[in-house]
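Next up, entry27.cif (mmCIF, N, CA and C atoms, pLDDT in the B column; chains and numbers go by the auth columns):
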```cif
data_run
#
loop_
_atom_site.group_PDB
_atom_site.id
_atom_site.type_symbol
_atom_site.label_atom_id
_atom_site.label_comp_id
_atom_site.label_asym_id
_atom_site.label_seq_id
_atom_site.Cartn_x
_atom_site.Cartn_y
_atom_site.Cartn_z
_atom_site.B_iso_or_equiv
_atom_site.auth_seq_id
_atom_site.auth_asym_id
ATOM 1 N N MET A 1 0.812 -1.190 0.000 87.00 1 A
ATOM 2 C CA MET A 1 0.000 0.000 0.000 87.00 1 A
ATOM 3 C C MET A 1 0.856 1.256 0.000 87.00 1 A
ATOM 4 N N ALA A 2 1.980 1.172 0.645 94.00 2 A
ATOM 5 C CA ALA A 2 2.863 2.338 0.703 94.00 2 A
ATOM 6 C C ALA A 2 3.348 2.721 -0.697 94.00 2 A
ATOM 7 N N LEU A 3 3.616 1.735 -1.531 95.00 3 A
ATOM 8 C CA LEU A 3 4.085 2.034 -2.888 95.00 3 A
ATOM 9 C C LEU A 3 2.984 2.728 -3.695 95.00 3 A
ATOM 10 N N ILE A 4 1.751 2.271 -3.567 95.00 4 A
ATOM 11 C CA ILE A 4 0.639 2.920 -4.272 95.00 4 A
ATOM 12 C C ILE A 4 0.520 4.374 -3.826 95.00 4 A
ATOM 13 N N ASP A 5 0.610 4.597 -2.515 96.00 5 A
ATOM 14 C CA ASP A 5 0.532 5.968 -1.987 96.00 5 A
ATOM 15 C C ASP A 5 1.676 6.830 -2.503 96.00 5 A
ATOM 16 N N GLU A 6 2.866 6.242 -2.575 97.00 6 A
ATOM 17 C CA GLU A 6 4.039 6.977 -3.066 97.00 6 A
ATOM 18 C C GLU A 6 3.866 7.346 -4.540 97.00 6 A
ATOM 19 N N LEU A 7 3.399 6.398 -5.349 96.00 7 A
ATOM 20 C CA LEU A 7 3.181 6.669 -6.771 96.00 7 A
ATOM 21 C C LEU A 7 2.067 7.690 -6.972 96.00 7 A
ATOM 22 N N ALA A 8 1.032 7.607 -6.157 96.00 8 A
ATOM 23 C CA ALA A 8 -0.086 8.546 -6.257 96.00 8 A
ATOM 24 C C ALA A 8 0.347 9.973 -5.963 96.00 8 A
ATOM 25 N N ALA A 9 1.282 10.135 -5.048 97.00 9 A
ATOM 26 C CA ALA A 9 1.746 11.468 -4.656 97.00 9 A
ATOM 27 C C ALA A 9 2.798 12.030 -5.613 97.00 9 A
ATOM 28 N N ASP A 10 3.423 11.187 -6.409 97.00 10 A
ATOM 29 C CA ASP A 10 4.511 11.595 -7.301 97.00 10 A
ATOM 30 C C ASP A 10 3.944 12.276 -8.544 97.00 10 A
ATOM 31 N N GLN A 11 4.231 13.551 -8.727 96.00 11 A
ATOM 32 C CA GLN A 11 3.731 14.321 -9.870 96.00 11 A
ATOM 33 C C GLN A 11 4.308 13.840 -11.209 96.00 11 A
ATOM 34 N N ARG A 12 5.418 13.100 -11.162 97.00 12 A
ATOM 35 C CA ARG A 12 6.012 12.577 -12.400 97.00 12 A
ATOM 36 C C ARG A 12 5.265 11.350 -12.919 97.00 12 A
ATOM 37 N N ILE A 13 4.446 10.747 -12.079 96.00 13 A
ATOM 38 C CA ILE A 13 3.675 9.555 -12.454 96.00 13 A
ATOM 39 C C ILE A 13 2.289 10.005 -12.909 96.00 13 A
ATOM 40 N N SER A 14 1.926 9.657 -14.143 95.00 14 A
ATOM 41 C CA SER A 14 0.636 10.107 -14.667 95.00 14 A
ATOM 42 C C SER A 14 -0.455 9.053 -14.561 95.00 14 A
ATOM 43 N N GLY A 15 -0.089 7.813 -14.301 94.00 15 A
ATOM 44 C CA GLY A 15 -1.102 6.767 -14.193 94.00 15 A
ATOM 45 C C GLY A 15 -0.585 5.550 -13.460 94.00 15 A
ATOM 46 N N ILE A 16 -1.502 4.828 -12.842 94.00 16 A
ATOM 47 C CA ILE A 16 -1.162 3.624 -12.087 94.00 16 A
ATOM 48 C C ILE A 16 -2.060 2.495 -12.579 94.00 16 A
ATOM 49 N N LEU A 17 -1.458 1.345 -12.858 92.00 17 A
ATOM 50 C CA LEU A 17 -2.170 0.164 -13.311 92.00 17 A
ATOM 51 C C LEU A 17 -1.723 -0.999 -12.442 92.00 17 A
ATOM 52 N N ILE A 18 -2.659 -1.716 -11.869 92.00 18 A
ATOM 53 C CA ILE A 18 -2.333 -2.899 -11.076 92.00 18 A
ATOM 54 C C ILE A 18 -2.691 -4.124 -11.897 92.00 18 A
ATOM 55 N N GLN A 19 -1.698 -4.955 -12.149 93.00 19 A
ATOM 56 C CA GLN A 19 -1.911 -6.169 -12.935 93.00 19 A
ATOM 57 C C GLN A 19 -2.576 -7.229 -12.068 93.00 19 A
ATOM 58 N N LEU A 20 -3.742 -7.703 -12.496 91.00 20 A
ATOM 59 C CA LEU A 20 -4.473 -8.749 -11.786 91.00 20 A
ATOM 60 C C LEU A 20 -4.331 -10.067 -12.527 91.00 20 A
ATOM 61 N N PRO A 21 -4.418 -11.176 -11.855 95.00 21 A
ATOM 62 C CA PRO A 21 -4.690 -11.358 -10.436 95.00 21 A
ATOM 63 C C PRO A 21 -3.436 -11.115 -9.601 95.00 21 A
ATOM 64 N N LEU A 22 -3.650 -10.723 -8.360 94.00 22 A
ATOM 65 C CA LEU A 22 -2.559 -10.519 -7.412 94.00 22 A
ATOM 66 C C LEU A 22 -2.365 -11.793 -6.591 94.00 22 A
ATOM 67 N N PRO A 23 -1.203 -11.942 -5.981 95.00 23 A
ATOM 68 C CA PRO A 23 -1.011 -13.067 -5.066 95.00 23 A
ATOM 69 C C PRO A 23 -2.084 -13.021 -3.969 95.00 23 A
ATOM 70 N N LEU A 24 -2.456 -14.189 -3.469 94.00 24 A
ATOM 71 C CA LEU A 24 -3.551 -14.293 -2.509 94.00 24 A
ATOM 72 C C LEU A 24 -3.359 -13.479 -1.237 94.00 24 A
ATOM 73 N N HIS A 25 -2.107 -13.221 -0.844 95.00 25 A
ATOM 74 C CA HIS A 25 -1.882 -12.474 0.387 95.00 25 A
ATOM 75 C C HIS A 25 -2.106 -10.967 0.224 95.00 25 A
ATOM 76 N N LEU A 26 -2.364 -10.504 -0.996 94.00 26 A
ATOM 77 C CA LEU A 26 -2.639 -9.090 -1.246 94.00 26 A
ATOM 78 C C LEU A 26 -4.125 -8.895 -1.528 94.00 26 A
ATOM 79 N N ASN A 27 -4.714 -7.869 -0.954 94.00 27 A
ATOM 80 C CA ASN A 27 -6.124 -7.554 -1.158 94.00 27 A
ATOM 81 C C ASN A 27 -6.244 -6.600 -2.345 94.00 27 A
ATOM 82 N N ALA A 28 -6.670 -7.127 -3.474 91.00 28 A
ATOM 83 C CA ALA A 28 -6.738 -6.338 -4.706 91.00 28 A
ATOM 84 C C ALA A 28 -7.664 -5.131 -4.559 91.00 28 A
ATOM 85 N N ALA A 29 -8.831 -5.313 -3.952 90.00 29 A
ATOM 86 C CA ALA A 29 -9.791 -4.206 -3.817 90.00 29 A
ATOM 87 C C ALA A 29 -9.202 -3.060 -3.005 90.00 29 A
ATOM 88 N N SER A 30 -8.511 -3.384 -1.930 92.00 30 A
ATOM 89 C CA SER A 30 -7.902 -2.337 -1.092 92.00 30 A
ATOM 90 C C SER A 30 -6.836 -1.571 -1.855 92.00 30 A
ATOM 91 N N LEU A 31 -6.018 -2.283 -2.615 92.00 31 A
ATOM 92 C CA LEU A 31 -4.959 -1.616 -3.375 92.00 31 A
ATOM 93 C C LEU A 31 -5.544 -0.765 -4.499 92.00 31 A
ATOM 94 N N ILE A 32 -6.506 -1.305 -5.209 89.00 32 A
ATOM 95 C CA ILE A 32 -7.119 -0.566 -6.324 89.00 32 A
ATOM 96 C C ILE A 32 -7.789 0.708 -5.829 89.00 32 A
ATOM 97 N N ASP A 33 -8.469 0.627 -4.692 89.00 33 A
ATOM 98 C CA ASP A 33 -9.172 1.804 -4.178 89.00 33 A
ATOM 99 C C ASP A 33 -8.244 2.882 -3.634 89.00 33 A
ATOM 100 N N ARG A 34 -6.963 2.600 -3.509 92.00 34 A
ATOM 101 C CA ARG A 34 -5.999 3.615 -3.073 92.00 34 A
ATOM 102 C C ARG A 34 -5.534 4.476 -4.249 92.00 34 A
ATOM 103 N N ILE A 35 -5.829 4.042 -5.468 92.00 35 A
ATOM 104 C CA ILE A 35 -5.405 4.785 -6.663 92.00 35 A
ATOM 105 C C ILE A 35 -6.320 5.998 -6.836 92.00 35 A
ATOM 106 N N PRO A 36 -5.752 7.202 -6.933 91.00 36 A
ATOM 107 C CA PRO A 36 -6.592 8.387 -7.171 91.00 36 A
ATOM 108 C C PRO A 36 -7.280 8.291 -8.538 91.00 36 A
ATOM 109 N N THR A 37 -8.481 8.815 -8.648 89.00 37 A
ATOM 110 C CA THR A 37 -9.250 8.751 -9.893 89.00 37 A
ATOM 111 C C THR A 37 -8.447 9.275 -11.085 89.00 37 A
ATOM 112 N N GLY A 38 -7.710 10.341 -10.900 89.00 38 A
ATOM 113 C CA GLY A 38 -6.937 10.925 -11.988 89.00 38 A
ATOM 114 C C GLY A 38 -5.770 10.081 -12.462 89.00 38 A
ATOM 115 N N LYS A 39 -5.393 9.091 -11.693 92.00 39 A
ATOM 116 C CA LYS A 39 -4.286 8.215 -12.073 92.00 39 A
ATOM 117 C C LYS A 39 -4.749 6.780 -12.306 92.00 39 A
ATOM 118 N N ASP A 40 -6.044 6.562 -12.316 87.00 40 A
ATOM 119 C CA ASP A 40 -6.627 5.237 -12.500 87.00 40 A
ATOM 120 C C ASP A 40 -6.708 4.929 -13.990 87.00 40 A
ATOM 121 N N ILE A 41 -5.713 4.244 -14.505 84.00 41 A
ATOM 122 C CA ILE A 41 -5.590 3.987 -15.945 84.00 41 A
ATOM 123 C C ILE A 41 -6.773 3.203 -16.506 84.00 41 A
ATOM 124 N N ASP A 42 -7.190 2.149 -15.831 83.00 42 A
ATOM 125 C CA ASP A 42 -8.232 1.294 -16.387 83.00 42 A
ATOM 126 C C ASP A 42 -9.601 1.461 -15.744 83.00 42 A
ATOM 127 N N GLY A 43 -9.772 2.478 -14.904 79.00 43 A
ATOM 128 C CA GLY A 43 -11.076 2.790 -14.345 79.00 43 A
ATOM 129 C C GLY A 43 -11.638 1.749 -13.406 79.00 43 A
ATOM 130 N N ARG A 44 -10.787 1.105 -12.620 77.00 44 A
ATOM 131 C CA ARG A 44 -11.242 0.027 -11.751 77.00 44 A
ATOM 132 C C ARG A 44 -11.604 0.477 -10.340 77.00 44 A
ATOM 133 N N THR A 45 -11.273 1.707 -9.967 73.00 45 A
ATOM 134 C CA THR A 45 -11.623 2.141 -8.614 73.00 45 A
ATOM 135 C C THR A 45 -13.128 2.394 -8.530 73.00 45 A
ATOM 136 N N VAL A 46 -13.657 2.318 -7.336 65.00 46 A
ATOM 137 C CA VAL A 46 -15.086 2.581 -7.122 65.00 46 A
ATOM 138 C C VAL A 46 -15.440 3.984 -7.594 65.00 46 A
ATOM 139 N N ARG A 47 -14.564 4.954 -7.317 69.00 47 A
ATOM 140 C CA ARG A 47 -14.824 6.338 -7.730 69.00 47 A
ATOM 141 C C ARG A 47 -14.840 6.485 -9.243 69.00 47 A
ATOM 142 N N SER A 48 -13.998 5.740 -9.942 63.00 48 A
ATOM 143 C CA SER A 48 -13.939 5.837 -11.406 63.00 48 A
ATOM 144 C C SER A 48 -15.107 5.136 -12.072 63.00 48 A
ATOM 145 N N ALA A 49 -15.701 4.163 -11.402 59.00 49 A
ATOM 146 C CA ALA A 49 -16.779 3.377 -12.005 59.00 49 A
ATOM 147 C C ALA A 49 -17.936 4.262 -12.459 59.00 49 A
ATOM 148 N N ARG A 50 -18.202 5.329 -11.738 59.00 50 A
ATOM 149 C CA ARG A 50 -19.334 6.185 -12.124 59.00 50 A
ATOM 150 C C ARG A 50 -19.072 6.959 -13.404 59.00 50 A
ATOM 151 N N PHE A 51 -17.820 7.026 -13.851 55.00 51 A
ATOM 152 C CA PHE A 51 -17.492 7.743 -15.080 55.00 51 A
ATOM 153 C C PHE A 51 -17.465 6.819 -16.301 55.00 51 A
ATOM 154 N N ARG A 52 -17.575 5.513 -16.080 52.00 52 A
ATOM 155 C CA ARG A 52 -17.564 4.557 -17.191 52.00 52 A
ATOM 156 C C ARG A 52 -18.920 4.583 -17.900 52.00 52 A
ATOM 157 N N PRO A 53 -18.893 4.430 -19.209 56.00 53 A
ATOM 158 C CA PRO A 53 -20.175 4.350 -19.923 56.00 53 A
ATOM 159 C C PRO A 53 -20.906 3.077 -19.513 56.00 53 A
ATOM 160 N N ASN A 54 -22.219 3.102 -19.593 57.00 54 A
ATOM 161 C CA ASN A 54 -23.019 1.934 -19.259 57.00 54 A
ATOM 162 C C ASN A 54 -22.667 0.794 -20.212 57.00 54 A
ATOM 163 N N GLN A 55 -22.341 -0.364 -19.651 53.00 55 A
ATOM 164 C CA GLN A 55 -21.911 -1.496 -20.463 53.00 55 A
ATOM 165 C C GLN A 55 -23.089 -2.261 -21.054 53.00 55 A
ATOM 166 N N ARG A 56 -24.293 -2.091 -20.496 52.00 56 A
ATOM 167 C CA ARG A 56 -25.472 -2.808 -21.010 52.00 56 A
ATOM 168 C C ARG A 56 -25.995 -2.150 -22.271 52.00 56 A
ATOM 169 N N ARG A 57 -26.440 -2.969 -23.155 46.00 57 A
ATOM 170 C CA ARG A 57 -27.040 -2.449 -24.396 46.00 57 A
ATOM 171 C C ARG A 57 -28.517 -2.812 -24.425 46.00 57 A
ATOM 172 N N SER A 58 -29.334 -1.906 -24.924 49.00 58 A
ATOM 173 C CA SER A 58 -30.750 -2.222 -25.037 49.00 58 A
ATOM 174 C C SER A 58 -30.976 -3.093 -26.268 49.00 58 A
ATOM 175 N N ALA A 59 -32.007 -3.901 -26.178 46.00 59 A
ATOM 176 C CA ALA A 59 -32.322 -4.819 -27.273 46.00 59 A
ATOM 177 C C ALA A 59 -33.054 -4.129 -28.396 46.00 59 A
#
```

As a first step, turn the structure in this file into structure tokens.
Amino acid sequence: MALIDELAADQRISGILIQLPLPLHLNAASLIDRIPTGKDIDGRTVRSARFRPNQRRSA
């Protein structure tokens, strides 16, 4: 978690991507939710989810 926080605070870093699946001893949801919305490359944080287009299509 400290590394995510460090990358999030670093102005030289423009985006953060966490490659899944993670080893079982790491909590993916906790790590993903530490990524600031502005640096969330793939839109996986809870905060970014509201900005994603609706994935459902009408028939």

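The nearest approach to Ile16 in chain A among the residues A:Asp40, A:Thr45, A:Ile4, A:Ile32, with all atoms listed in the file taken into account, belongs to A:Asp40.
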
Margin query: Nearest residue to Lys39 in chain A out of A:Leu3, A:Gln19, A:Leu26, A:Ser14, using all atoms listed in the file?
Written below: A:Ser14

Next item on the list: Please evaluate the PyMOL selection byres (((chain A and resi 5 and name CA) around 12) and name CA) against the structure above and give the resulting residues as a PyMOL selection string.
Entry: chain A and resi 1-4+6-11+13+16+30-36+39

Draw an axis-aligned box over all listed atoms of range 20-28 of chain A, pad each side with 5 Å, and write its centre and edge lengths in Å, one decimal, as JSON.
```
{"center_x": -4.3, "center_y": -9.7, "center_z": -6.1, "size_x": 16.7, "size_y": 19.2, "size_z": 22.9}
```

Margin query: Rounded to one decimal, what separation in Å do you get between CA of Leu24 in chain A and CA of Ile41 in chain A?
Written below: 22.8 Å

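Straight-line separation from atom C of Ala28 in chain A to atom N of Arg12 in chain A: 23.4 Å.
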
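Interatomic distance, atom C of Arg44 in chain A to CA of Gly15 in chain A: 12.8 Å.
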
Note to self: Quick check for you: according to DSSP on this backbone, which residues of range 8-46 of chain A are classed as helix (DSSP H, G or I)? Reply as an NGL selection string.
What the structure shows: :A and (8-9 or 28-32 or 37-39 or 46)

Give me range 5-19 of chain A from this structure - all heavy atoms, as a PDB file, in the first residue's frame.
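Once written, result_7.pdb looks like this:
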```
ATOM      1  N   ASP A   5       0.610   4.597  -2.515  1.00  0.00           N
ATOM      2  CA  ASP A   5       0.532   5.968  -1.987  1.00  0.00           C
ATOM      3  C   ASP A   5       1.676   6.830  -2.503  1.00  0.00           C
ATOM      4  O   ASP A   5       1.491   7.998  -2.851  1.00  0.00           O
ATOM      5  CB  ASP A   5       0.538   5.956  -0.458  1.00  0.00           C
ATOM      6  CG  ASP A   5      -0.711   5.315   0.122  1.00  0.00           C
ATOM      7  OD1 ASP A   5      -1.740   5.225  -0.583  1.00  0.00           O
ATOM      8  OD2 ASP A   5      -0.651   4.887   1.289  1.00  0.00           O
ATOM      9  N   GLU A   6       2.866   6.242  -2.575  1.00  0.00           N
ATOM     10  CA  GLU A   6       4.039   6.977  -3.066  1.00  0.00           C
ATOM     11  C   GLU A   6       3.866   7.346  -4.540  1.00  0.00           C
ATOM     12  O   GLU A   6       4.122   8.485  -4.939  1.00  0.00           O
ATOM     13  CB  GLU A   6       5.283   6.110  -2.877  1.00  0.00           C
ATOM     14  CG  GLU A   6       6.568   6.774  -3.295  1.00  0.00           C
ATOM     15  CD  GLU A   6       7.766   5.859  -3.109  1.00  0.00           C
ATOM     16  OE1 GLU A   6       7.771   5.065  -2.149  1.00  0.00           O
ATOM     17  OE2 GLU A   6       8.693   5.929  -3.938  1.00  0.00           O
ATOM     18  N   LEU A   7       3.399   6.398  -5.349  1.00  0.00           N
ATOM     19  CA  LEU A   7       3.181   6.669  -6.771  1.00  0.00           C
ATOM     20  C   LEU A   7       2.067   7.690  -6.972  1.00  0.00           C
ATOM     21  O   LEU A   7       2.149   8.554  -7.846  1.00  0.00           O
ATOM     22  CB  LEU A   7       2.846   5.370  -7.509  1.00  0.00           C
ATOM     23  CG  LEU A   7       3.965   4.337  -7.577  1.00  0.00           C
ATOM     24  CD1 LEU A   7       3.434   3.020  -8.137  1.00  0.00           C
ATOM     25  CD2 LEU A   7       5.139   4.844  -8.390  1.00  0.00           C
ATOM     26  N   ALA A   8       1.032   7.607  -6.157  1.00  0.00           N
ATOM     27  CA  ALA A   8      -0.086   8.546  -6.257  1.00  0.00           C
ATOM     28  C   ALA A   8       0.347   9.973  -5.963  1.00  0.00           C
ATOM     29  O   ALA A   8      -0.146  10.917  -6.574  1.00  0.00           O
ATOM     30  CB  ALA A   8      -1.203   8.119  -5.305  1.00  0.00           C
ATOM     31  N   ALA A   9       1.282  10.135  -5.048  1.00  0.00           N
ATOM     32  CA  ALA A   9       1.746  11.468  -4.656  1.00  0.00           C
ATOM     33  C   ALA A   9       2.798  12.030  -5.613  1.00  0.00           C
ATOM     34  O   ALA A   9       3.032  13.237  -5.638  1.00  0.00           O
ATOM     35  CB  ALA A   9       2.316  11.424  -3.242  1.00  0.00           C
ATOM     36  N   ASP A  10       3.423  11.187  -6.409  1.00  0.00           N
ATOM     37  CA  ASP A  10       4.511  11.595  -7.301  1.00  0.00           C
ATOM     38  C   ASP A  10       3.944  12.276  -8.544  1.00  0.00           C
ATOM     39  O   ASP A  10       3.244  11.659  -9.345  1.00  0.00           O
ATOM     40  CB  ASP A  10       5.342  10.366  -7.694  1.00  0.00           C
ATOM     41  CG  ASP A  10       6.623  10.718  -8.406  1.00  0.00           C
ATOM     42  OD1 ASP A  10       6.699  11.780  -9.066  1.00  0.00           O
ATOM     43  OD2 ASP A  10       7.577   9.921  -8.321  1.00  0.00           O
ATOM     44  N   GLN A  11       4.231  13.551  -8.727  1.00  0.00           N
ATOM     45  CA  GLN A  11       3.731  14.321  -9.870  1.00  0.00           C
ATOM     46  C   GLN A  11       4.308  13.840 -11.209  1.00  0.00           C
ATOM     47  O   GLN A  11       3.741  14.129 -12.267  1.00  0.00           O
ATOM     48  CB  GLN A  11       4.044  15.808  -9.680  1.00  0.00           C
ATOM     49  CG  GLN A  11       3.335  16.419  -8.486  1.00  0.00           C
ATOM     50  CD  GLN A  11       1.829  16.283  -8.593  1.00  0.00           C
ATOM     51  OE1 GLN A  11       1.245  16.574  -9.631  1.00  0.00           O
ATOM     52  NE2 GLN A  11       1.198  15.825  -7.527  1.00  0.00           N
ATOM     53  N   ARG A  12       5.418  13.100 -11.162  1.00  0.00           N
ATOM     54  CA  ARG A  12       6.012  12.577 -12.400  1.00  0.00           C
ATOM     55  C   ARG A  12       5.265  11.350 -12.919  1.00  0.00           C
ATOM     56  O   ARG A  12       5.427  10.983 -14.074  1.00  0.00           O
ATOM     57  CB  ARG A  12       7.477  12.215 -12.170  1.00  0.00           C
ATOM     58  CG  ARG A  12       8.332  13.420 -11.762  1.00  0.00           C
ATOM     59  CD  ARG A  12       9.712  12.988 -11.343  1.00  0.00           C
ATOM     60  NE  ARG A  12       9.562  12.158 -10.140  1.00  0.00           N
ATOM     61  CZ  ARG A  12      10.528  11.430  -9.608  1.00  0.00           C
ATOM     62  NH1 ARG A  12      11.721  11.405 -10.149  1.00  0.00           N
ATOM     63  NH2 ARG A  12      10.307  10.717  -8.516  1.00  0.00           N
ATOM     64  N   ILE A  13       4.446  10.747 -12.079  1.00  0.00           N
ATOM     65  CA  ILE A  13       3.675   9.555 -12.454  1.00  0.00           C
ATOM     66  C   ILE A  13       2.289  10.005 -12.909  1.00  0.00           C
ATOM     67  O   ILE A  13       1.559  10.640 -12.169  1.00  0.00           O
ATOM     68  CB  ILE A  13       3.545   8.577 -11.252  1.00  0.00           C
ATOM     69  CG1 ILE A  13       4.908   8.178 -10.696  1.00  0.00           C
ATOM     70  CG2 ILE A  13       2.703   7.366 -11.627  1.00  0.00           C
ATOM     71  CD1 ILE A  13       5.778   7.412 -11.664  1.00  0.00           C
ATOM     72  N   SER A  14       1.926   9.657 -14.143  1.00  0.00           N
ATOM     73  CA  SER A  14       0.636  10.107 -14.667  1.00  0.00           C
ATOM     74  C   SER A  14      -0.455   9.053 -14.561  1.00  0.00           C
ATOM     75  O   SER A  14      -1.630   9.362 -14.721  1.00  0.00           O
ATOM     76  CB  SER A  14       0.784  10.538 -16.122  1.00  0.00           C
ATOM     77  OG  SER A  14       1.230   9.460 -16.907  1.00  0.00           O
ATOM     78  N   GLY A  15      -0.089   7.813 -14.301  1.00  0.00           N
ATOM     79  CA  GLY A  15      -1.102   6.767 -14.193  1.00  0.00           C
ATOM     80  C   GLY A  15      -0.585   5.550 -13.460  1.00  0.00           C
ATOM     81  O   GLY A  15       0.620   5.284 -13.447  1.00  0.00           O
ATOM     82  N   ILE A  16      -1.502   4.828 -12.842  1.00  0.00           N
ATOM     83  CA  ILE A  16      -1.162   3.624 -12.087  1.00  0.00           C
ATOM     84  C   ILE A  16      -2.060   2.495 -12.579  1.00  0.00           C
ATOM     85  O   ILE A  16      -3.274   2.650 -12.686  1.00  0.00           O
ATOM     86  CB  ILE A  16      -1.369   3.830 -10.570  1.00  0.00           C
ATOM     87  CG1 ILE A  16      -0.495   4.977 -10.071  1.00  0.00           C
ATOM     88  CG2 ILE A  16      -1.077   2.538  -9.806  1.00  0.00           C
ATOM     89  CD1 ILE A  16      -0.787   5.398  -8.641  1.00  0.00           C
ATOM     90  N   LEU A  17      -1.458   1.345 -12.858  1.00  0.00           N
ATOM     91  CA  LEU A  17      -2.170   0.164 -13.311  1.00  0.00           C
ATOM     92  C   LEU A  17      -1.723  -0.999 -12.442  1.00  0.00           C
ATOM     93  O   LEU A  17      -0.522  -1.223 -12.289  1.00  0.00           O
ATOM     94  CB  LEU A  17      -1.846  -0.105 -14.773  1.00  0.00           C
ATOM     95  CG  LEU A  17      -2.429  -1.353 -15.403  1.00  0.00           C
ATOM     96  CD1 LEU A  17      -3.923  -1.176 -15.604  1.00  0.00           C
ATOM     97  CD2 LEU A  17      -1.751  -1.625 -16.721  1.00  0.00           C
ATOM     98  N   ILE A  18      -2.659  -1.716 -11.869  1.00  0.00           N
ATOM     99  CA  ILE A  18      -2.333  -2.899 -11.076  1.00  0.00           C
ATOM    100  C   ILE A  18      -2.691  -4.124 -11.897  1.00  0.00           C
ATOM    101  O   ILE A  18      -3.843  -4.285 -12.315  1.00  0.00           O
ATOM    102  CB  ILE A  18      -3.090  -2.905  -9.731  1.00  0.00           C
ATOM    103  CG1 ILE A  18      -2.629  -1.725  -8.884  1.00  0.00           C
ATOM    104  CG2 ILE A  18      -2.877  -4.217  -8.996  1.00  0.00           C
ATOM    105  CD1 ILE A  18      -3.319  -1.607  -7.552  1.00  0.00           C
ATOM    106  N   GLN A  19      -1.698  -4.955 -12.149  1.00  0.00           N
ATOM    107  CA  GLN A  19      -1.911  -6.169 -12.935  1.00  0.00           C
ATOM    108  C   GLN A  19      -2.576  -7.229 -12.068  1.00  0.00           C
ATOM    109  O   GLN A  19      -2.058  -7.601 -11.035  1.00  0.00           O
ATOM    110  CB  GLN A  19      -0.564  -6.692 -13.459  1.00  0.00           C
ATOM    111  CG  GLN A  19      -0.672  -7.945 -14.294  1.00  0.00           C
ATOM    112  CD  GLN A  19      -1.398  -7.707 -15.602  1.00  0.00           C
ATOM    113  OE1 GLN A  19      -1.108  -6.740 -16.298  1.00  0.00           O
ATOM    114  NE2 GLN A  19      -2.331  -8.572 -15.934  1.00  0.00           N
TER     115      GLN A  19
END
```
